[in-house]
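Chemist: Got a file for you: start09.cif, mmCIF, C-alpha atoms and all ligand atoms.
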```
data_entry
#
loop_
_atom_site.label_atom_id
_atom_site.label_comp_id
_atom_site.auth_asym_id
_atom_site.auth_seq_id
_atom_site.Cartn_x
_atom_site.Cartn_y
_atom_site.Cartn_z
CA MET P 197 -37.24 -82.36 -54.89
CA ILE P 198 -34.08 -80.25 -54.93
CA ASN P 199 -31.05 -81.41 -56.88
CA ILE P 200 -28.48 -80.86 -54.12
CA SER P 201 -25.57 -81.55 -56.51
CA ASP P 202 -26.37 -78.31 -58.29
CA TYR P 203 -25.48 -76.06 -55.37
CA THR P 204 -22.21 -74.21 -55.04
CA LEU P 205 -20.70 -74.36 -51.54
CA ASN P 206 -22.17 -70.94 -50.79
CA GLU P 207 -25.62 -71.95 -51.92
CA LEU P 208 -25.39 -75.18 -49.94
CA GLU P 209 -24.46 -73.24 -46.80
CA GLN P 210 -27.53 -71.06 -47.25
CA TYR P 211 -29.73 -74.10 -47.80
CA ILE P 212 -28.40 -75.96 -44.77
CA GLU P 213 -29.02 -72.92 -42.58
CA SER P 214 -32.50 -72.51 -44.07
CA ILE P 215 -33.44 -76.00 -42.83
CA GLY P 216 -32.25 -75.15 -39.31
CA GLU P 217 -28.89 -76.96 -39.42
CA LYS P 218 -25.37 -75.73 -38.68
CA LYS P 219 -23.55 -74.13 -41.61
CA PHE P 220 -20.41 -76.31 -41.28
CA HIS P 221 -22.37 -79.36 -42.45
CA ALA P 222 -22.51 -77.79 -45.90
CA LYS P 223 -18.77 -78.26 -46.41
CA GLN P 224 -19.00 -81.91 -45.32
CA ILE P 225 -21.89 -82.58 -47.69
CA PHE P 226 -20.25 -80.67 -50.54
CA LYS P 227 -17.09 -82.77 -50.16
CA TRP P 228 -19.01 -86.05 -50.17
CA ILE P 229 -20.75 -85.10 -53.39
CA HIS P 230 -18.07 -83.16 -55.28
CA LYS P 231 -14.80 -84.62 -53.98
CA ILE P 232 -15.69 -88.24 -53.20
CA GLY P 233 -18.53 -88.61 -55.70
CA ILE P 234 -20.91 -90.58 -53.50
CA GLU P 235 -24.34 -91.44 -54.84
CA SER P 236 -26.42 -91.88 -51.69
CA PHE P 237 -26.83 -89.92 -48.47
CA ASP P 238 -26.20 -93.10 -46.44
CA GLU P 239 -22.55 -92.97 -47.51
CA MET P 240 -22.09 -89.66 -45.66
CA THR P 241 -20.68 -91.30 -42.54
CA ASP P 242 -19.86 -88.08 -40.66
CA ILE P 243 -23.39 -86.70 -41.03
CA SER P 244 -26.01 -87.57 -38.40
CA LYS P 245 -28.78 -89.95 -39.36
CA SER P 246 -31.41 -87.31 -38.67
CA LEU P 247 -29.80 -84.81 -41.07
CA ARG P 248 -29.37 -87.52 -43.71
CA GLU P 249 -33.06 -88.37 -43.41
CA LYS P 250 -33.97 -84.69 -43.70
CA LEU P 251 -31.84 -84.38 -46.85
CA LYS P 252 -33.37 -87.52 -48.34
CA GLU P 253 -36.82 -86.15 -47.82
CA HIS P 254 -36.27 -82.92 -49.72
CA THR P 255 -33.26 -83.38 -51.98
CA TYR P 256 -31.48 -85.86 -54.22
CA ILE P 257 -27.93 -86.41 -55.47
CA LEU P 258 -27.67 -86.37 -59.25
CA LYS P 259 -26.37 -89.50 -60.91
CA LEU P 260 -25.96 -89.81 -64.66
CA ASN P 261 -26.18 -93.16 -66.40
CA ILE P 262 -24.02 -94.30 -69.25
CA LEU P 263 -26.33 -95.64 -71.94
CA GLU P 264 -23.75 -96.73 -74.47
CA CYS P 265 -20.09 -96.39 -75.22
CA GLN P 266 -17.83 -96.82 -78.18
CA LYS P 267 -14.19 -97.69 -77.64
CA SER P 268 -11.59 -96.87 -80.23
CA LYS P 269 -9.48 -99.79 -81.43
CA LYS P 270 -6.72 -97.38 -82.48
CA ASP P 271 -6.20 -95.52 -79.19
CA ASP P 272 -7.77 -95.26 -75.74
CA THR P 273 -10.50 -92.83 -76.73
CA ILE P 274 -13.97 -93.74 -75.47
CA LYS P 275 -17.11 -91.98 -76.51
CA PHE P 276 -20.07 -92.11 -74.13
CA LEU P 277 -23.76 -91.62 -74.66
CA ILE P 278 -25.04 -90.42 -71.30
CA GLY P 279 -28.69 -90.44 -70.30
CA LEU P 280 -30.27 -87.59 -68.34
CA ASN P 281 -33.23 -87.82 -65.96
CA ASP P 282 -35.70 -86.51 -68.54
CA ASP P 283 -34.77 -89.27 -71.03
CA THR P 284 -32.70 -87.00 -73.21
CA ALA P 285 -29.08 -87.89 -73.94
CA ILE P 286 -25.77 -86.16 -74.40
CA GLU P 287 -22.23 -87.21 -75.31
CA SER P 288 -18.91 -87.08 -73.52
CA VAL P 289 -15.54 -88.20 -74.83
CA PHE P 290 -12.66 -89.59 -72.76
CA MET P 291 -9.20 -89.10 -74.28
CA LYS P 292 -5.73 -90.02 -73.10
CA TYR P 293 -3.02 -87.46 -73.73
CA ASN P 294 0.54 -87.32 -72.45
CA HIS P 295 -0.48 -84.38 -70.26
CA GLY P 296 -3.27 -86.37 -68.61
CA ASN P 297 -6.72 -87.82 -69.02
CA THR P 298 -9.10 -85.42 -70.66
CA ILE P 299 -12.86 -85.31 -70.92
CA CYS P 300 -14.83 -83.36 -73.48
CA VAL P 301 -18.16 -82.45 -71.90
CA SER P 302 -21.48 -81.35 -73.36
CA THR P 303 -23.19 -78.21 -72.10
CA GLN P 304 -26.59 -78.37 -73.78
CA VAL P 305 -28.98 -80.99 -75.10
CA GLY P 306 -28.59 -80.16 -78.78
CA CYS P 307 -27.42 -76.79 -80.00
CA LYS P 308 -29.03 -73.77 -81.64
CA MET P 309 -25.94 -72.38 -83.29
CA GLY P 310 -26.40 -74.22 -86.58
CA CYS P 311 -22.76 -74.61 -87.66
CA LYS P 312 -23.00 -76.32 -91.03
CA PHE P 313 -20.30 -78.92 -90.38
CA CYS P 314 -21.65 -80.10 -87.02
CA ALA P 315 -23.91 -83.06 -86.23
CA SER P 316 -24.85 -81.68 -82.78
CA THR P 317 -27.08 -79.02 -84.20
CA LYS P 318 -28.94 -81.20 -86.71
CA ALA P 319 -31.75 -82.21 -84.34
CA GLY P 320 -32.02 -78.68 -82.92
CA TYR P 321 -31.83 -77.49 -79.36
CA GLU P 322 -33.75 -78.95 -76.42
CA ARG P 323 -32.42 -77.36 -73.24
CA ASN P 324 -29.44 -76.21 -71.22
CA LEU P 325 -27.63 -78.63 -68.94
CA THR P 326 -27.49 -77.76 -65.26
CA ALA P 327 -24.11 -77.31 -63.58
CA SER P 328 -24.38 -80.76 -61.99
CA GLU P 329 -25.25 -82.39 -65.29
CA ILE P 330 -22.04 -80.93 -66.69
CA GLU P 331 -19.94 -82.09 -63.72
CA GLY P 332 -21.87 -85.39 -63.59
CA GLN P 333 -20.30 -86.36 -66.93
CA ILE P 334 -16.88 -86.29 -65.27
CA TRP P 335 -18.09 -88.50 -62.42
CA ALA P 336 -19.81 -90.98 -64.73
CA VAL P 337 -16.72 -91.33 -66.91
CA GLN P 338 -14.27 -91.50 -63.99
CA LYS P 339 -16.32 -94.28 -62.41
CA TYR P 340 -16.58 -96.20 -65.68
CA THR P 341 -12.88 -95.97 -66.57
CA GLY P 342 -11.53 -96.09 -63.01
CA GLU P 343 -9.18 -93.28 -64.03
CA ARG P 344 -8.85 -89.78 -62.69
CA ILE P 345 -9.60 -86.98 -65.10
CA SER P 346 -7.26 -84.02 -64.92
CA ASN P 347 -8.37 -81.89 -67.88
CA VAL P 348 -11.83 -80.77 -68.91
CA VAL P 349 -12.71 -79.28 -72.25
CA TYR P 350 -16.11 -77.70 -72.75
CA MET P 351 -16.33 -78.66 -76.38
CA GLY P 352 -19.03 -81.33 -76.62
CA ILE P 353 -22.65 -80.87 -77.65
CA GLY P 354 -23.87 -77.30 -77.20
CA GLU P 355 -22.42 -73.82 -77.15
CA PRO P 356 -20.95 -73.27 -73.65
CA LEU P 357 -21.34 -69.49 -73.70
CA ASP P 358 -25.01 -69.88 -74.63
CA ASN P 359 -25.48 -71.63 -71.26
CA TYR P 360 -23.30 -69.13 -69.50
CA ASP P 361 -24.43 -69.21 -65.86
CA ASN P 362 -24.51 -73.00 -65.54
CA VAL P 363 -21.17 -73.35 -67.28
CA ILE P 364 -19.55 -70.85 -64.91
CA LYS P 365 -21.12 -72.54 -61.90
CA SER P 366 -19.86 -75.94 -63.04
CA ILE P 367 -16.35 -74.55 -63.56
CA ARG P 368 -16.36 -73.11 -60.05
CA ASN P 369 -17.51 -76.42 -58.56
CA ILE P 370 -15.02 -78.51 -60.56
CA ASN P 371 -12.26 -76.07 -59.68
CA SER P 372 -13.14 -75.96 -55.96
CA PRO P 373 -10.54 -77.36 -53.50
CA GLU P 374 -13.53 -78.98 -51.73
CA GLY P 375 -14.49 -80.65 -55.00
CA LEU P 376 -12.59 -82.27 -57.88
CA ASN P 377 -9.98 -79.54 -57.55
CA ILE P 378 -9.16 -79.44 -61.26
CA GLY P 379 -7.06 -76.33 -61.87
CA ALA P 380 -8.64 -73.63 -64.03
CA ARG P 381 -5.63 -73.83 -66.31
CA HIS P 382 -6.67 -77.41 -67.03
CA ILE P 383 -10.13 -76.29 -68.04
CA SER P 384 -10.81 -75.12 -71.55
CA VAL P 385 -13.97 -73.36 -72.72
CA SER P 386 -14.80 -73.35 -76.36
CA THR P 387 -17.09 -70.92 -78.16
CA CYS P 388 -18.25 -70.30 -81.69
CA GLY P 389 -17.97 -66.61 -80.80
CA ILE P 390 -20.72 -65.20 -78.56
CA VAL P 391 -18.92 -61.90 -78.21
CA PRO P 392 -20.67 -60.30 -75.17
CA ASN P 393 -20.10 -63.46 -73.12
CA ILE P 394 -16.40 -63.54 -73.99
CA TYR P 395 -16.14 -60.13 -72.28
CA LYS P 396 -18.15 -61.48 -69.34
CA LEU P 397 -15.92 -64.54 -69.05
CA ALA P 398 -12.82 -62.36 -69.12
CA ASP P 399 -14.18 -60.48 -66.09
CA GLU P 400 -14.94 -63.65 -64.08
CA ASN P 401 -11.37 -63.96 -62.85
CA ILE P 402 -11.15 -67.61 -63.95
CA GLN P 403 -7.88 -68.65 -65.55
CA ALA P 404 -9.53 -71.04 -68.03
CA THR P 405 -8.21 -71.42 -71.55
CA LEU P 406 -10.47 -69.89 -74.15
CA SER P 407 -10.87 -71.73 -77.39
CA ILE P 408 -12.41 -69.92 -80.35
CA SER P 409 -13.97 -71.81 -83.24
CA LEU P 410 -12.90 -69.47 -86.03
CA HIS P 411 -12.98 -71.62 -89.18
CA ALA P 412 -12.79 -68.73 -91.67
CA THR P 413 -10.82 -65.54 -92.21
CA ASP P 414 -13.50 -63.39 -93.84
CA ASP P 415 -17.07 -62.68 -92.72
CA LYS P 416 -18.63 -63.89 -95.96
CA THR P 417 -17.18 -67.40 -95.69
CA ARG P 418 -17.76 -67.52 -91.96
CA LYS P 419 -21.44 -66.61 -92.43
CA GLU P 420 -21.77 -69.47 -94.90
CA ILE P 421 -20.55 -72.07 -92.42
CA MET P 422 -21.42 -70.50 -89.06
CA PRO P 423 -24.69 -68.55 -88.65
CA VAL P 424 -23.31 -66.87 -85.49
CA ALA P 425 -21.17 -64.77 -87.86
CA ASN P 426 -24.34 -62.92 -88.87
CA ARG P 427 -24.45 -61.51 -85.35
CA TYR P 428 -20.76 -60.83 -84.71
CA SER P 429 -18.06 -59.97 -87.21
CA ILE P 430 -14.55 -61.44 -87.09
CA LYS P 431 -13.31 -57.97 -86.14
CA GLU P 432 -15.64 -57.82 -83.12
CA LEU P 433 -14.72 -61.38 -82.17
CA LEU P 434 -10.98 -60.68 -82.25
CA GLU P 435 -11.45 -57.47 -80.23
CA ALA P 436 -13.15 -59.57 -77.54
CA CYS P 437 -10.28 -62.09 -77.70
CA LYS P 438 -7.75 -59.31 -77.17
CA TYR P 439 -9.71 -58.17 -74.15
CA TYR P 440 -9.70 -61.75 -72.80
CA ILE P 441 -5.93 -61.93 -73.18
CA SER P 442 -5.43 -58.55 -71.53
CA LYS P 443 -7.56 -59.55 -68.52
CA THR P 444 -6.31 -63.11 -68.03
CA GLY P 445 -2.84 -63.15 -69.60
CA ARG P 446 -3.87 -66.48 -71.12
CA ARG P 447 -3.07 -67.58 -74.64
CA ILE P 448 -6.11 -68.16 -76.83
CA SER P 449 -6.51 -71.29 -78.84
CA PHE P 450 -8.12 -70.84 -82.26
CA GLU P 451 -9.81 -73.88 -83.71
CA TYR P 452 -9.82 -74.01 -87.47
CA ALA P 453 -11.64 -76.86 -89.24
CA LEU P 454 -10.10 -77.37 -92.65
CA ILE P 455 -12.79 -77.91 -95.28
CA ALA P 456 -11.70 -78.91 -98.77
CA GLY P 457 -12.11 -76.07 -101.23
CA VAL P 458 -13.74 -73.74 -98.69
CA ASN P 459 -11.08 -72.41 -96.32
CA ASP P 460 -7.90 -74.40 -96.91
CA ASN P 461 -5.81 -72.55 -99.51
CA ARG P 462 -2.53 -70.70 -99.06
CA GLU P 463 -4.07 -67.25 -99.39
CA THR P 464 -6.46 -68.04 -96.54
CA ALA P 465 -3.56 -69.24 -94.40
CA MET P 466 -1.80 -65.92 -95.06
CA ASN P 467 -4.98 -64.01 -94.12
CA LEU P 468 -5.24 -66.00 -90.92
CA ALA P 469 -1.67 -65.18 -90.01
CA LYS P 470 -2.38 -61.51 -90.65
CA LEU P 471 -5.52 -61.55 -88.47
CA LEU P 472 -3.76 -63.13 -85.50
CA ARG P 473 -0.43 -61.34 -85.78
CA GLY P 474 0.64 -59.89 -82.44
CA MET P 475 -1.83 -61.93 -80.37
CA ILE P 476 -0.79 -64.62 -77.88
CA ALA P 477 -2.44 -67.36 -79.84
CA HIS P 478 -2.19 -70.95 -80.89
CA ILE P 479 -3.95 -72.43 -83.89
CA ASN P 480 -5.35 -75.92 -83.84
CA LEU P 481 -6.04 -77.20 -87.32
CA ILE P 482 -8.70 -79.88 -87.44
CA PRO P 483 -9.49 -81.83 -90.57
CA VAL P 484 -13.29 -81.28 -90.60
CA ASN P 485 -15.34 -84.23 -89.39
CA GLU P 486 -17.37 -85.52 -92.28
CA ILE P 487 -20.92 -86.03 -91.03
CA LYS P 488 -23.62 -88.19 -92.53
CA ASN P 489 -25.51 -86.28 -95.26
CA GLY P 490 -23.15 -83.30 -94.76
CA SER P 491 -21.73 -81.56 -97.81
CA TYR P 492 -18.26 -80.74 -96.46
CA LYS P 493 -15.22 -82.88 -97.10
CA LYS P 494 -11.99 -82.78 -95.14
CA SER P 495 -8.90 -81.25 -96.74
CA ASN P 496 -6.33 -83.64 -98.09
CA GLU P 497 -3.05 -84.33 -96.27
CA SER P 498 -0.90 -82.07 -98.43
CA ASN P 499 -3.27 -79.07 -98.10
CA ILE P 500 -3.33 -79.56 -94.33
CA GLU P 501 0.45 -79.65 -94.19
CA ASN P 502 0.87 -76.63 -96.47
CA PHE P 503 -1.66 -74.66 -94.43
CA MET P 504 0.19 -75.47 -91.22
CA ASN P 505 3.60 -74.69 -92.69
CA THR P 506 2.43 -71.33 -94.03
CA LEU P 507 1.16 -70.32 -90.59
CA ASN P 508 4.23 -71.57 -88.77
CA SER P 509 6.51 -69.74 -91.20
CA CYS P 510 4.58 -66.56 -90.36
CA GLY P 511 5.40 -67.11 -86.69
CA ILE P 512 1.94 -68.34 -85.64
CA VAL P 513 2.23 -71.49 -83.52
CA THR P 514 0.11 -74.05 -85.34
CA THR P 515 -0.53 -77.73 -84.80
CA VAL P 516 -2.81 -80.28 -86.38
CA ARG P 517 -5.05 -81.85 -83.82
CA ARG P 518 -4.48 -85.56 -83.47
CA GLU P 519 -7.62 -87.31 -84.64
CA LEU P 520 -8.23 -89.38 -81.55
CA GLY P 521 -10.82 -92.10 -81.88
CA SER P 522 -11.05 -91.62 -85.63
CA ASP P 523 -12.57 -95.10 -85.99
CA ILE P 524 -15.50 -94.24 -83.71
CA ASP P 525 -18.04 -91.45 -83.94
CA ALA P 526 -15.82 -89.11 -81.94
CA ALA P 527 -17.08 -85.99 -83.69
CA CYS P 528 -19.55 -84.24 -81.48
CA GLY P 529 -23.20 -85.11 -81.93
CA GLN P 530 -22.88 -88.18 -84.12
CA LEU P 531 -23.58 -90.84 -81.49
CA ARG P 532 -26.54 -88.87 -80.13
CA GLN P 533 -27.84 -88.49 -83.66
CA LYS P 534 -27.87 -92.27 -83.95
CA TYR P 535 -29.61 -92.51 -80.58
CA LEU P 536 -32.30 -90.12 -81.79
CA ASN P 537 -32.70 -92.26 -84.90
CA LYS P 538 -32.82 -95.33 -82.64
CA ASP P 539 -29.94 -96.70 -84.64
CA THR P 540 -27.40 -97.10 -81.85
CA ILE P 541 -24.42 -99.38 -81.72
CA LYS P 542 -23.95 -101.42 -78.58
CA GLN P 543 -20.46 -101.59 -77.09
S1 LIG Q 601 -19.87 -76.61 -83.51
FE1 LIG Q 601 -20.45 -76.21 -81.40
S2 LIG Q 601 -21.55 -74.25 -81.52
FE2 LIG Q 601 -21.49 -75.05 -83.61
S3 LIG Q 601 -23.41 -76.20 -83.83
FE3 LIG Q 601 -21.83 -77.66 -83.14
S4 LIG Q 601 -22.03 -77.73 -80.93
FE4 LIG Q 601 -23.09 -75.89 -81.64
#
```
What would the structure in this file look like if it were written as structure tokens?
Modeler:
Amino acid sequence: MINISDYTLNELEQYIESIGEKKFHAKQIFKWIHKIGIESFDEMTDISKSLREKLKEHTYILKLNILECQKSKKDDTIKFLIGLNDDTAIESVFMKYNHGNTICVSTQVGCKMGCKFCASTKAGYERNLTASEIEGQIWAVQKYTGERISNVVYMGIGEPLDNYDNVIKSIRNINSPEGLNIGARHISVSTCGIVPNIYKLADENIQATLSISLHATDDKTRKEIMPVANRYSIKELLEACKYYISKTGRRISFEYALIAGVNDNRETAMNLAKLLRGMIAHINLIPVNEIKNGSYKKSNESNIENFMNTLNSCGIVTTVRRELGSDIDAACGQLRQKYLNKDTIKQ
């Protein structure tokens, strides 16, 4: 059976023609799936019964099921554990910001990048998500909350640029005027720094925001907390970022997880300012999420404030990310980890 939700409009047109039907039906079907979010072919009221039957025979519409959710008592953040058809599970997080409802989506089942502070990588990597499994998270969460999502951040479980083709395909479908029509500027792609794919992304002509998980200002420290640094140096990473800015004109967001005693002193803040001087950049400081059995502790309030003030005084726009849903397992990978341990919390 073909997962019809995975097709781009172009691919769907080719498929529809290949089964002897008129090309224009592709746009109708695409809209039903990607704009309206229907779950059965019978809901496609402007498609003939015979075509619907043909589609049913050979294809299916992907539907993701919410297995569990945790609602924050402090704010409106909801974390979802979402089941996939092969009985694996991923996480998505719904957050309310002044600029609109935002979802953080996963891109892989597990992750192979091995960042030391991250729960998502603990159980290893299983597989890439398909484009429709990425978009399906938006549909599942919109249907559950009854609220429209206007911003998508690719920052959940997995390394988006390690699942490059499916991530790009999902962005194109989400961005399509025949689909959810979420503007590329409201889509943010995060990476731990897969340098060749940053160049590729820059050449895609997508105006998405690029978010770089930097977390250190020298290669030695970065290698200690992020194995990807063994493949690409900070210098190479920043060269790729400059290329991205030159091609897209977009400001880059640098994520910096503050870890007590590792990367949170004044000298490091000064080094960070020096590294990013002259770039159109924004720094997001994140007190590191303390994970079960992890060895890293978050920086204390005064170190966080000093770090931010040092950067701001050097002219680098820096904010501390609001810890939404801090009373639930909002850090990526923690709810899934519990699921894998069969130790889940019911809503
Ligand atoms: S931080 Fe991101 S890239 Fe690193 S292990 Fe976790 S999910 Fe993977």
Chemist: Show which residues sit within 12 Å of segment 224-240 of chain P, as a PyMOL selection string. Count all atoms listed in the file, and ignore same-chain residues fewer than 5 positions away.
Modeler: chain P and resi 199-209+211-212+218-219+245-261+327-328+331-339+344+366+368-378
Chemist: Please list as an MDAnalysis selection string every residue within 10 Å of segment 480-494 of chain P, counting only C-alpha atoms and excluding residues in the same chain fewer than 6 positions away.
Modeler: chainID P and resid 312:315 407:409 411 421 449:458 460 500:501 503:504 513:519 522 525:530 533
Chemist: Could the residues that lie within 6 Å of ligand LIG 601 (chain Q), counting only C-alpha atoms and all ligand atoms, be listed as a list in words?
Modeler: Cys307, Met309, Gly310, Cys311, Cys314, Ser316, Thr317, Ile353, Gly354, Glu355 and Cys388 of chain P
Chemist: Find the residue from P:Pro392, P:Met351, P:Asp358, P:Gly342 that sits nearest to Lys308 of chain P; use only C-alpha atoms when measuring.
Modeler: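 Counting only C-alpha atoms, the residue closest to Lys308 of chain P is P:Asp358.
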Chemist: Go ahead and compute the interatomic distance for atom CA of Leu433 of chain P and atom CA of Tyr350 of chain P, in Å to one decimal.
Modeler: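 Calculated distance between atom CA of Leu433 of chain P and atom CA of Tyr350 of chain P is 18.9 Å.
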Chemist: Kindly give the distance, in Å, that separates atom CA of Ile286 of chain P and atom CA of Ile274 of chain P, rounded to a single decimal.
Modeler: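 Separation of atom CA of Ile286 of chain P and atom CA of Ile274 of chain P: 14.1 Å.
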Chemist: Rounded to one decimal in Å, what is the spacing between atom CA of Asn459 of chain P and atom CA of Ala412 of chain P?
Modeler: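 Computed distance, atom CA of Asn459 of chain P to atom CA of Ala412 of chain P, equals 6.2 Å.
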